[in-house]
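Quick look at input01.cif (mmCIF, N, CA, C and O atoms and all ligand atoms):
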data_final
loop_
_atom_site.label_atom_id
_atom_site.label_comp_id
_atom_site.auth_asym_id
_atom_site.auth_seq_id
_atom_site.Cartn_x
_atom_site.Cartn_y
_atom_site.Cartn_z
N MET P 1 58.82 163.35 160.36
CA MET P 1 59.63 163.55 159.16
C MET P 1 59.73 162.24 158.40
O MET P 1 60.09 161.21 158.96
N GLY P 2 59.41 162.27 157.15
CA GLY P 2 59.43 161.05 156.36
C GLY P 2 60.75 160.86 155.63
O GLY P 2 61.42 161.81 155.27
N PHE P 3 61.12 159.61 155.45
CA PHE P 3 62.34 159.29 154.71
C PHE P 3 62.02 158.40 153.53
O PHE P 3 62.87 157.70 153.03
N ASP P 4 60.77 158.41 153.12
CA ASP P 4 60.34 157.46 152.11
C ASP P 4 60.70 157.87 150.70
O ASP P 4 60.23 157.28 149.74
N GLN P 5 61.55 158.90 150.54
CA GLN P 5 61.97 159.24 149.19
C GLN P 5 62.95 158.22 148.63
O GLN P 5 63.19 158.17 147.44
N TYR P 6 63.49 157.37 149.54
CA TYR P 6 64.44 156.35 149.09
C TYR P 6 63.71 155.05 148.78
O TYR P 6 62.84 154.63 149.53
N HIS P 7 64.10 154.44 147.69
CA HIS P 7 63.55 153.13 147.32
C HIS P 7 64.60 152.04 147.50
O HIS P 7 64.31 150.87 147.31
N GLU P 8 65.79 152.46 147.84
CA GLU P 8 66.88 151.54 148.12
C GLU P 8 67.40 151.90 149.52
O GLU P 8 67.16 153.01 150.00
N PRO P 9 68.14 150.98 150.18
CA PRO P 9 68.65 151.30 151.53
C PRO P 9 69.51 152.57 151.50
O PRO P 9 70.52 152.63 150.79
N ALA P 10 69.10 153.59 152.26
CA ALA P 10 69.78 154.89 152.22
C ALA P 10 71.26 154.77 152.57
O ALA P 10 72.10 155.46 151.99
N ALA P 11 71.58 153.87 153.50
CA ALA P 11 72.97 153.72 153.93
C ALA P 11 73.87 153.22 152.80
O ALA P 11 75.09 153.42 152.84
N GLU P 12 73.28 152.56 151.81
CA GLU P 12 74.07 152.04 150.70
C GLU P 12 74.22 153.05 149.57
O GLU P 12 74.98 152.84 148.63
N LEU P 13 73.46 154.14 149.66
CA LEU P 13 73.51 155.16 148.60
C LEU P 13 74.63 156.15 148.89
O LEU P 13 74.89 156.50 150.04
N SER P 14 75.27 156.64 147.84
CA SER P 14 76.32 157.64 148.02
C SER P 14 75.71 158.96 148.48
O SER P 14 74.50 159.20 148.31
N GLN P 15 76.56 159.81 149.04
CA GLN P 15 76.10 161.14 149.44
C GLN P 15 75.54 161.89 148.24
O GLN P 15 74.51 162.58 148.34
N LYS P 16 76.19 161.76 147.11
CA LYS P 16 75.76 162.46 145.89
C LYS P 16 74.36 161.99 145.47
O LYS P 16 73.51 162.81 145.12
N THR P 17 74.12 160.69 145.55
CA THR P 17 72.80 160.16 145.20
C THR P 17 71.74 160.62 146.19
O THR P 17 70.64 161.01 145.79
N ARG P 18 72.09 160.61 147.48
CA ARG P 18 71.11 161.06 148.48
C ARG P 18 70.77 162.53 148.29
O ARG P 18 69.61 162.93 148.40
N THR P 19 71.76 163.34 147.98
CA THR P 19 71.49 164.76 147.72
C THR P 19 70.61 164.91 146.48
O THR P 19 69.65 165.69 146.48
N PHE P 20 70.92 164.14 145.44
CA PHE P 20 70.12 164.20 144.21
C PHE P 20 68.66 163.85 144.51
O PHE P 20 67.74 164.55 144.07
N VAL P 21 68.45 162.80 145.28
CA VAL P 21 67.09 162.37 145.62
C VAL P 21 66.39 163.41 146.49
O VAL P 21 65.19 163.70 146.30
N ARG P 22 67.12 163.99 147.44
CA ARG P 22 66.52 165.06 148.27
C ARG P 22 66.05 166.22 147.41
O ARG P 22 64.97 166.78 147.63
N MET P 23 66.87 166.58 146.44
CA MET P 23 66.50 167.71 145.59
C MET P 23 65.32 167.35 144.68
O MET P 23 64.47 168.20 144.39
N LEU P 24 65.25 166.09 144.25
CA LEU P 24 64.08 165.65 143.49
C LEU P 24 62.82 165.72 144.35
O LEU P 24 61.76 166.15 143.88
N THR P 25 62.95 165.31 145.61
CA THR P 25 61.82 165.40 146.53
C THR P 25 61.41 166.85 146.71
O THR P 25 60.21 167.18 146.70
N SER P 26 62.39 167.74 146.86
CA SER P 26 62.08 169.17 146.99
C SER P 26 61.39 169.70 145.75
O SER P 26 60.44 170.48 145.84
N LEU P 27 61.86 169.26 144.59
CA LEU P 27 61.24 169.69 143.33
C LEU P 27 59.77 169.30 143.30
O LEU P 27 58.89 170.11 142.94
N THR P 28 59.49 168.06 143.71
CA THR P 28 58.12 167.58 143.76
C THR P 28 57.28 168.42 144.72
O THR P 28 56.14 168.80 144.43
N GLU P 29 57.85 168.73 145.88
CA GLU P 29 57.12 169.53 146.87
C GLU P 29 56.85 170.94 146.38
O GLU P 29 55.79 171.51 146.64
N GLU P 30 57.82 171.52 145.65
CA GLU P 30 57.59 172.86 145.09
C GLU P 30 56.47 172.81 144.05
O GLU P 30 55.63 173.71 143.98
N ALA P 31 56.47 171.75 143.24
CA ALA P 31 55.40 171.60 142.24
C ALA P 31 54.04 171.45 142.92
O ALA P 31 53.05 172.03 142.47
N GLU P 32 54.01 170.67 144.01
CA GLU P 32 52.75 170.52 144.75
C GLU P 32 52.28 171.88 145.29
O GLU P 32 51.10 172.21 145.21
N ALA P 33 53.22 172.66 145.83
CA ALA P 33 52.86 173.97 146.38
C ALA P 33 52.30 174.88 145.28
O ALA P 33 51.32 175.60 145.50
N ILE P 34 52.90 174.83 144.11
CA ILE P 34 52.39 175.62 142.97
C ILE P 34 50.95 175.22 142.67
O ILE P 34 50.09 176.08 142.46
N GLY P 35 50.70 173.93 142.69
CA GLY P 35 49.35 173.44 142.43
C GLY P 35 48.35 173.82 143.51
O GLY P 35 47.19 174.16 143.21
N TRP P 36 48.81 173.77 144.76
CA TRP P 36 47.91 174.15 145.86
C TRP P 36 47.54 175.62 145.75
O TRP P 36 46.38 176.00 145.92
N TYR P 37 48.55 176.47 145.49
CA TYR P 37 48.26 177.91 145.34
C TYR P 37 47.34 178.16 144.15
O TYR P 37 46.47 179.01 144.19
N GLU P 38 47.56 177.41 143.08
CA GLU P 38 46.71 177.59 141.90
C GLU P 38 45.24 177.36 142.25
O GLU P 38 44.36 178.12 141.82
N GLN P 39 44.99 176.32 143.02
CA GLN P 39 43.62 176.02 143.41
C GLN P 39 43.05 177.09 144.34
O GLN P 39 41.91 177.54 144.17
N ARG P 40 43.86 177.51 145.33
CA ARG P 40 43.39 178.54 146.27
C ARG P 40 43.11 179.85 145.55
O ARG P 40 42.09 180.51 145.80
N ILE P 41 44.01 180.24 144.65
CA ILE P 41 43.85 181.49 143.90
C ILE P 41 42.58 181.44 143.06
O ILE P 41 41.84 182.43 142.97
N SER P 42 42.31 180.30 142.48
CA SER P 42 41.14 180.20 141.59
C SER P 42 39.82 180.35 142.36
O SER P 42 38.81 180.74 141.78
N LEU P 43 39.83 180.04 143.66
CA LEU P 43 38.60 180.12 144.46
C LEU P 43 38.49 181.35 145.33
O LEU P 43 37.39 181.71 145.75
N GLU P 44 39.61 182.02 145.61
CA GLU P 44 39.63 183.12 146.56
C GLU P 44 38.86 184.34 146.04
O GLU P 44 39.07 184.77 144.91
N LYS P 45 37.97 184.87 146.88
CA LYS P 45 37.17 186.03 146.49
C LYS P 45 37.78 187.34 146.98
O LYS P 45 37.54 188.40 146.41
N ASP P 46 38.55 187.28 148.08
CA ASP P 46 39.16 188.49 148.65
C ASP P 46 40.38 188.86 147.81
O ASP P 46 41.33 188.08 147.70
N ASN P 47 40.37 190.06 147.24
CA ASN P 47 41.43 190.45 146.31
C ASN P 47 42.80 190.55 146.98
O ASN P 47 43.81 190.14 146.39
N ALA P 48 42.85 191.08 148.20
CA ALA P 48 44.14 191.20 148.90
C ALA P 48 44.71 189.81 149.20
O ALA P 48 45.90 189.56 149.02
N ALA P 49 43.85 188.92 149.66
CA ALA P 49 44.30 187.55 149.95
C ALA P 49 44.79 186.88 148.67
O ALA P 49 45.81 186.17 148.65
N LYS P 50 44.07 187.12 147.59
CA LYS P 50 44.44 186.53 146.30
C LYS P 50 45.82 187.03 145.85
O LYS P 50 46.65 186.25 145.37
N GLN P 51 46.06 188.34 146.02
CA GLN P 51 47.36 188.90 145.63
C GLN P 51 48.50 188.30 146.45
O GLN P 51 49.58 188.03 145.93
N ILE P 52 48.27 188.09 147.73
CA ILE P 52 49.29 187.48 148.60
C ILE P 52 49.59 186.06 148.13
O ILE P 52 50.75 185.65 148.03
N MET P 53 48.56 185.33 147.82
CA MET P 53 48.76 183.95 147.35
C MET P 53 49.45 183.92 145.99
O MET P 53 50.29 183.05 145.73
N GLU P 54 49.13 184.89 145.14
CA GLU P 54 49.82 184.96 143.84
C GLU P 54 51.31 185.24 144.03
O GLU P 54 52.15 184.67 143.32
N LYS P 55 51.62 186.11 144.98
CA LYS P 55 53.04 186.40 145.29
C LYS P 55 53.72 185.15 145.84
O LYS P 55 54.86 184.83 145.48
N ALA P 56 53.03 184.45 146.72
CA ALA P 56 53.59 183.22 147.29
C ALA P 56 53.83 182.18 146.18
O ALA P 56 54.86 181.49 146.18
N GLN P 57 52.89 182.09 145.24
CA GLN P 57 53.06 181.13 144.15
C GLN P 57 54.27 181.49 143.30
O GLN P 57 55.02 180.62 142.86
N GLU P 58 54.48 182.80 143.08
CA GLU P 58 55.66 183.23 142.32
C GLU P 58 56.94 182.77 143.00
O GLU P 58 57.90 182.36 142.34
N GLU P 59 56.95 182.82 144.32
CA GLU P 59 58.14 182.36 145.05
C GLU P 59 58.33 180.86 144.89
O GLU P 59 59.46 180.37 144.80
N GLU P 60 57.22 180.13 144.83
CA GLU P 60 57.33 178.68 144.58
C GLU P 60 57.89 178.40 143.19
O GLU P 60 58.63 177.43 143.00
N PHE P 61 57.56 179.24 142.22
CA PHE P 61 58.15 179.08 140.88
C PHE P 61 59.67 179.19 140.96
O PHE P 61 60.41 178.42 140.32
N ILE P 62 60.14 180.16 141.75
CA ILE P 62 61.59 180.36 141.91
C ILE P 62 62.22 179.16 142.61
O ILE P 62 63.26 178.65 142.18
N HIS P 63 61.57 178.68 143.67
CA HIS P 63 62.09 177.50 144.38
C HIS P 63 62.17 176.30 143.43
O HIS P 63 63.16 175.58 143.42
N PHE P 64 61.13 176.12 142.64
CA PHE P 64 61.11 175.03 141.67
C PHE P 64 62.27 175.17 140.69
O PHE P 64 63.00 174.21 140.42
N ALA P 65 62.46 176.39 140.18
CA ALA P 65 63.52 176.63 139.19
C ALA P 65 64.90 176.36 139.78
O ALA P 65 65.76 175.77 139.10
N MET P 66 65.13 176.77 141.03
CA MET P 66 66.44 176.54 141.63
C MET P 66 66.70 175.05 141.82
O MET P 66 67.80 174.56 141.54
N ASN P 67 65.69 174.33 142.28
CA ASN P 67 65.84 172.88 142.44
C ASN P 67 66.12 172.21 141.11
O ASN P 67 67.00 171.36 141.00
N LEU P 68 65.37 172.61 140.10
CA LEU P 68 65.55 172.01 138.77
C LEU P 68 66.93 172.32 138.22
O LEU P 68 67.60 171.42 137.68
N GLU P 69 67.39 173.55 138.35
CA GLU P 69 68.71 173.91 137.85
C GLU P 69 69.79 173.07 138.54
O GLU P 69 70.72 172.58 137.89
N PHE P 70 69.66 172.88 139.84
CA PHE P 70 70.63 172.05 140.57
C PHE P 70 70.66 170.64 139.98
O PHE P 70 71.73 170.08 139.71
N LEU P 71 69.48 170.07 139.79
CA LEU P 71 69.39 168.70 139.29
C LEU P 71 69.96 168.59 137.87
O LEU P 71 70.67 167.63 137.56
N LEU P 72 69.66 169.57 137.04
CA LEU P 72 70.14 169.51 135.65
C LEU P 72 71.66 169.63 135.59
O LEU P 72 72.29 169.07 134.69
N ARG P 73 72.24 170.33 136.54
CA ARG P 73 73.70 170.41 136.58
C ARG P 73 74.33 169.07 136.95
O ARG P 73 75.51 168.84 136.70
N GLN P 74 73.54 168.19 137.55
CA GLN P 74 74.05 166.86 137.94
C GLN P 74 73.90 165.83 136.82
O GLN P 74 74.59 164.82 136.83
N LYS P 75 72.95 166.08 135.90
CA LYS P 75 72.61 165.07 134.88
C LYS P 75 72.68 165.70 133.49
O LYS P 75 71.74 166.36 133.03
N LYS P 76 73.78 165.44 132.82
CA LYS P 76 74.00 166.06 131.50
C LYS P 76 72.92 165.63 130.49
O LYS P 76 72.42 166.45 129.72
N LYS P 77 72.54 164.35 130.50
CA LYS P 77 71.52 163.88 129.55
C LYS P 77 70.19 164.58 129.78
O LYS P 77 69.48 164.92 128.83
N TRP P 78 69.84 164.73 131.03
CA TRP P 78 68.57 165.39 131.38
C TRP P 78 68.62 166.85 130.91
O TRP P 78 67.66 167.36 130.34
N LYS P 79 69.74 167.49 131.14
CA LYS P 79 69.89 168.89 130.73
C LYS P 79 69.76 169.02 129.21
O LYS P 79 69.11 169.94 128.70
N THR P 80 70.35 168.06 128.49
CA THR P 80 70.26 168.08 127.03
C THR P 80 68.80 167.96 126.58
O THR P 80 68.34 168.69 125.70
N VAL P 81 68.07 167.03 127.20
CA VAL P 81 66.65 166.87 126.87
C VAL P 81 65.90 168.17 127.13
O VAL P 81 65.10 168.64 126.29
N MET P 82 66.15 168.76 128.27
CA MET P 82 65.44 170.01 128.62
C MET P 82 65.77 171.12 127.62
O MET P 82 64.88 171.87 127.21
N GLN P 83 67.03 171.21 127.22
CA GLN P 83 67.42 172.23 126.26
C GLN P 83 66.73 172.03 124.92
O GLN P 83 66.45 172.99 124.21
N ASN P 84 66.45 170.77 124.60
CA ASN P 84 65.82 170.47 123.32
C ASN P 84 64.30 170.57 123.35
O ASN P 84 63.67 170.59 122.29
N VAL P 85 63.72 170.62 124.52
CA VAL P 85 62.26 170.65 124.64
C VAL P 85 61.74 172.01 125.10
O VAL P 85 60.75 172.53 124.57
N LEU P 86 62.43 172.61 126.07
CA LEU P 86 61.91 173.84 126.67
C LEU P 86 62.15 175.07 125.79
O LEU P 86 63.18 175.16 125.11
N PHE P 87 61.21 175.98 125.86
CA PHE P 87 61.30 177.29 125.21
C PHE P 87 61.46 177.19 123.70
O PHE P 87 62.05 178.06 123.08
N LYS P 88 60.94 176.10 123.13
CA LYS P 88 60.97 175.91 121.68
C LYS P 88 59.58 176.15 121.13
O LYS P 88 58.60 175.67 121.70
N PRO P 89 59.49 176.88 120.03
CA PRO P 89 58.18 177.04 119.41
C PRO P 89 57.76 175.72 118.75
O PRO P 89 58.58 174.83 118.56
N GLY P 90 56.52 175.61 118.40
CA GLY P 90 56.05 174.44 117.66
C GLY P 90 55.45 173.38 118.54
O GLY P 90 55.09 173.62 119.69
N ASP P 91 55.36 172.19 117.96
CA ASP P 91 54.66 171.08 118.59
C ASP P 91 55.50 170.47 119.73
O ASP P 91 56.64 170.02 119.50
N ILE P 92 54.95 170.44 120.90
CA ILE P 92 55.69 169.95 122.08
C ILE P 92 56.06 168.47 121.93
O ILE P 92 57.17 168.05 122.23
N VAL P 93 55.11 167.66 121.42
CA VAL P 93 55.38 166.22 121.30
C VAL P 93 56.47 165.97 120.26
O VAL P 93 57.39 165.18 120.50
N LYS P 94 56.41 166.66 119.13
CA LYS P 94 57.46 166.47 118.11
C LYS P 94 58.81 166.91 118.64
O LYS P 94 59.83 166.26 118.39
N ASN P 95 58.84 168.01 119.36
CA ASN P 95 60.11 168.46 119.94
C ASN P 95 60.66 167.43 120.91
O ASN P 95 61.87 167.18 120.94
N SER P 96 59.78 166.78 121.67
CA SER P 96 60.25 165.79 122.63
C SER P 96 60.80 164.56 121.92
O SER P 96 61.77 163.95 122.38
N GLU P 97 60.17 164.19 120.80
CA GLU P 97 60.66 163.02 120.05
C GLU P 97 62.06 163.30 119.50
O GLU P 97 62.93 162.43 119.51
N GLN P 98 62.27 164.51 119.03
CA GLN P 98 63.61 164.88 118.54
C GLN P 98 64.61 164.90 119.69
O GLN P 98 65.76 164.51 119.52
N ALA P 99 64.16 165.36 120.84
CA ALA P 99 65.05 165.41 122.01
C ALA P 99 65.52 164.01 122.38
O ALA P 99 66.67 163.81 122.74
N GLU P 100 64.62 163.02 122.27
CA GLU P 100 65.01 161.63 122.57
C GLU P 100 66.10 161.16 121.62
O GLU P 100 67.06 160.53 122.02
N GLU P 101 65.92 161.47 120.33
CA GLU P 101 66.91 161.03 119.33
C GLU P 101 68.27 161.66 119.60
O GLU P 101 69.29 161.02 119.44
N GLU P 102 68.28 162.90 120.03
CA GLU P 102 69.54 163.59 120.23
C GLU P 102 70.28 163.11 121.46
O GLU P 102 71.50 163.21 121.53
N VAL P 103 69.57 162.55 122.42
CA VAL P 103 70.20 162.07 123.65
C VAL P 103 70.77 160.67 123.46
O VAL P 103 71.81 160.32 123.98
N GLU P 104 70.07 159.85 122.68
CA GLU P 104 70.48 158.43 122.52
C GLU P 104 71.82 158.28 121.84
O GLU P 104 72.38 159.08 121.25
FE FE P 201 58.82 176.52 148.15
#
When written as structure tokens, how does the structure in this file appear?
Ligand SMILES: [Fe+2]
Amino acid sequence: MGFDQYHEPAAELSQKTRTFVRMLTSLTEEAEAIGWYEQRISLEKDNAAKQIMEKAQEEEFIHFAMNLEFLLRQKKKWKTVMQNVLFKPGDIVKNSEQAEEEVE
């Protein structure tokens, strides 16, 4: 079991910070799982196996979303950025630039 998600001495970090970092690590792992399934699905020739992997990937989307929602509830600025960037029509880069202005 690795503990390398910490870049500062874990004993000096608050419980809240350690939980936040754990959830960030989980978010990263869920994203990796989504990517791994994406690659497997793209190569799989057996239709039944492919459907199982697609279902598994859908569950990773849910895991990712739950982790992200938890984190956003901890960081108001991050949540504001996400609200200003996600699910918006138009140019993604322009939306992100506006999101930066609204947070500052
Ligand atoms: Fe997962």
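Of the residues under consideration (P:Tyr37, P:Phe61, P:Phe70, P:Trp78), P:Phe70 shows the shortest atom-to-atom contact distance to Met23 of chain P when counting only N, CA, C and O atoms.
Separating atom CA of Glu54 of chain P from atom CA of Thr28 of chain P is a distance of 19.3 Å.
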Legend entry - Counting only N, CA, C and O atoms, the option among P:Phe87, P:Phe20, P:Gln15, P:Lys55 closest to Gln74 of chain P: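 Closest candidate: P:Phe20.
Take the candidates P:Ser26, P:Asn47, P:Thr80, P:Ser42 and check each one against ligand FE 201 (chain P) using only C-alpha atoms and all ligand atoms; the shortest distance goes to P:Ser26.
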Inset, instruction - Give the residues close to ligand FE 201 (chain P), within 8 Å, counting only N, CA, C and O atoms and all ligand atoms; write them as number ranges by chain. - result: P: 26, 29-31, 33-34, 56-57, 59-64
Legend entry - Between atom N of Gln51 of chain P and atom C of Gly35 of chain P - distance in Å to one decimal: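 Computing it gives 14.9 Å between the two atoms.
For the residues P:Ala99, P:Leu27, P:Met53, P:Ala11, ranking by smallest atom-to-atom distance to Lys79 of chain P using only C-alpha atoms places P:Ala99 first.
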Inset, instruction - Calculate how many Å separate atom CA of Glu69 of chain P from atom CA of Glu8 of chain P, rounding to one decimal. - result: 24.7 Å
